[in-house]
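> Below is the structure I would like to discuss, written out as structure tokens.
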Amino acid sequence: MTPERRMRLRREAWGFAIGSVFFAVGAVPFYADAVGAVVTNATFFVGAIFFTLAAFIQLVLSGRRPARRGSDRAVRSDWWASAVQVAGTLFFNLSTSAALISAVNENARVGSGWRPDARGSVCFLVASALAVVATTERDRLWDPKARVWRCTWLNMMGSVFFAVSAVGAYVIPATSDFVSQLWANLGTFLGALCFLAAALLSRRDLPADHAPTPGIWTGANTGLFGHMRRRGPRR
């Protein structure tokens with residue numbers, strides 16, 4: 001692995017880790033009470049940006065184009081996991097932006113960011129499932145230390161918790177209340193912790209003479225998400 005590739009792997013892992021920390025902190029009720037709705041939603045907004053930057057690095061490391069026909073299923077699953085993960089982070093950019101706008105402007109429609117939030121959660125679940133396929137299909141992972149089962153399943157758990165959070169965050173039109181404020185926060189907090197753990201596990205460097213092969217995201221599904229895959233969230 002070249003020094004440049006190793007540096008990009010570190011940046012990818014740190015991006016998912018930092019984004020996870022922002023999401024975990026933003027989901028803590030005491031933090032929200034102390035800083036207010038605007039700062040809390042700004043915290044999620046910044047965290048989503050870090051997720052997106054890290055996911056794009058993950059996609060570049062997995063290959064800028066889809067795997068060719070005839071390539072093994074692990075390689076195809078690896079690339080698509082990274083691509084779907086990027087889509088998921090973009091949906092979270094939309095949902096966190098809508099939430100921030102609602103917090104700043106009281107006249108904005110409450111709950112307008114729920115649809116992209118739900119779609120982002122679905123993308124994370126799909127990316128995590130593809131990461132599992134890539135992991136199980138490989139005899140030797142791109143990074144044995146970063147792509148082991150614990151990273152893959154940490155990202156899957158994180159994706160499940162984010163999905164639970166999205167359900168809890170649905171705003172009931174008749175009352176403008178969340179389905180479950182508890183699970184909206186708790187799902188986000190636990191999911192972010194899972195992504196954080198996966199991202200930190202995935203940032204170990206490879207020996208200089210190790211020959212890399214395409215893989216899944218380190219952040220959100222093997223790493224974050226193993227994120228998320230070359231790596232394998234994210235959190």
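Just so we're on the same page: first chain in the structure tokens is A, next is B, and so on; residues restart at 1 for each chain, and ligands are numbered from 1 in the order they show up.
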Set the distance at 10 Å and use only C-alpha atoms: which residues neighbour Arg115 (chain A) once local chain neighbours fewer than 5 positions away are removed? I'd like the list as a list of chain:residue names.
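Non-adjacent residues within range: A:Phe91, A:Phe92, A:Leu94, A:Ser95, A:Gly120, A:Ser121, A:Ala166, A:Tyr170.
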> Rounded to one decimal, what separation in Å do you get between CA of Val133 (chain A) and CA of Asn185 (chain A)?
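These atoms are spaced 29.7 Å apart.
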> From region 158-189 of chain A, collect each residue whose DSSP state is helix (DSSP H, G or I) and return the set as a list in words.
Gly158, Ser159, Val160, Phe161, Phe162, Ala163, Val164, Ser165, Ala166, Val167, Gly168, Gln181, Leu182, Trp183, Ala184, Asn185, Leu186, Gly187, Thr188 and Phe189 of chain A
> Which is closer to Gln181 (chain A) than all the others in A:Ser77, A:Ala197, A:Thr52, A:Val164, using only C-alpha atoms?
A:Val164
> Of the candidates A:Ala174, A:Trp114, A:Ala55, A:Val75, which shows the shortest atom-to-atom distance to Ala87 (chain A), using only C-alpha atoms?
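Between A:Ala174, A:Trp114, A:Ala55, A:Val75, the residue approaching Ala87 (chain A) most closely is A:Ala55.
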> If you count only C-alpha atoms, which residues fall within 10 Å of Ala129 (chain A), apart from same-chain ones fewer than 6 positions away, as an MDAnalysis selection string?
chainID A and resid 77 81 123 135 152:153 155:156 159 221 228
> Hey, can you spit out that residue selection with N, CA, C and O atoms as an mmCIF file, in the first residue's frame?

```cif
data_model
loop_
_atom_site.group_PDB
_atom_site.id
_atom_site.type_symbol
_atom_site.label_atom_id
_atom_site.label_comp_id
_atom_site.auth_asym_id
_atom_site.auth_seq_id
_atom_site.Cartn_x
_atom_site.Cartn_y
_atom_site.Cartn_z
ATOM 1 N N SER A 77 -20.120 -6.370 -4.756
ATOM 2 C CA SER A 77 -20.812 -5.962 -3.526
ATOM 3 C C SER A 77 -20.051 -4.850 -2.828
ATOM 4 O O SER A 77 -20.642 -3.921 -2.272
ATOM 5 N N ALA A 81 -21.672 -1.265 -2.186
ATOM 6 C CA ALA A 81 -21.837 -0.869 -0.784
ATOM 7 C C ALA A 81 -21.337 0.556 -0.592
ATOM 8 O O ALA A 81 -21.973 1.382 0.067
ATOM 9 N N CYS A 123 -30.609 3.355 2.894
ATOM 10 C CA CYS A 123 -29.353 3.211 2.150
ATOM 11 C C CYS A 123 -28.270 2.608 3.039
ATOM 12 O O CYS A 123 -27.498 1.744 2.590
ATOM 13 N N THR A 135 -17.789 -9.349 2.693
ATOM 14 C CA THR A 135 -16.936 -9.940 3.725
ATOM 15 C C THR A 135 -16.966 -11.457 3.668
ATOM 16 O O THR A 135 -15.929 -12.118 3.734
ATOM 17 N N THR A 152 -17.744 -5.297 10.381
ATOM 18 C CA THR A 152 -18.906 -5.422 9.509
ATOM 19 C C THR A 152 -20.199 -5.372 10.310
ATOM 20 O O THR A 152 -21.151 -4.677 9.946
ATOM 21 N N TRP A 153 -20.236 -6.115 11.398
ATOM 22 C CA TRP A 153 -21.472 -6.177 12.180
ATOM 23 C C TRP A 153 -21.691 -4.955 13.061
ATOM 24 O O TRP A 153 -22.827 -4.607 13.378
ATOM 25 N N ASN A 155 -21.118 -2.019 11.962
ATOM 26 C CA ASN A 155 -21.772 -1.121 11.019
ATOM 27 C C ASN A 155 -23.221 -1.527 10.772
ATOM 28 O O ASN A 155 -24.097 -0.681 10.619
ATOM 29 N N MET A 156 -23.460 -2.838 10.700
ATOM 30 C CA MET A 156 -24.834 -3.296 10.519
ATOM 31 C C MET A 156 -25.693 -2.883 11.714
ATOM 32 O O MET A 156 -26.816 -2.385 11.555
ATOM 33 N N SER A 159 -26.461 0.757 11.504
ATOM 34 C CA SER A 159 -27.484 1.041 10.503
ATOM 35 C C SER A 159 -28.877 0.709 11.017
ATOM 36 O O SER A 159 -29.849 1.434 10.745
ATOM 37 N N ASN A 221 -19.702 0.877 6.690
ATOM 38 C CA ASN A 221 -20.215 -0.406 7.034
ATOM 39 C C ASN A 221 -19.215 -1.392 7.484
ATOM 40 O O ASN A 221 -19.584 -2.312 8.131
ATOM 41 N N MET A 228 -20.487 2.289 8.558
ATOM 42 C CA MET A 228 -20.236 1.572 6.712
ATOM 43 C C MET A 228 -19.932 1.668 7.064
ATOM 44 O O MET A 228 -21.629 0.634 7.274
#
```
> So how far away is CA of Thr175 (chain A) from CA of Thr89 (chain A), in Å?
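Separation of CA of Thr89 (chain A) and CA of Thr175 (chain A): 29.1 Å.
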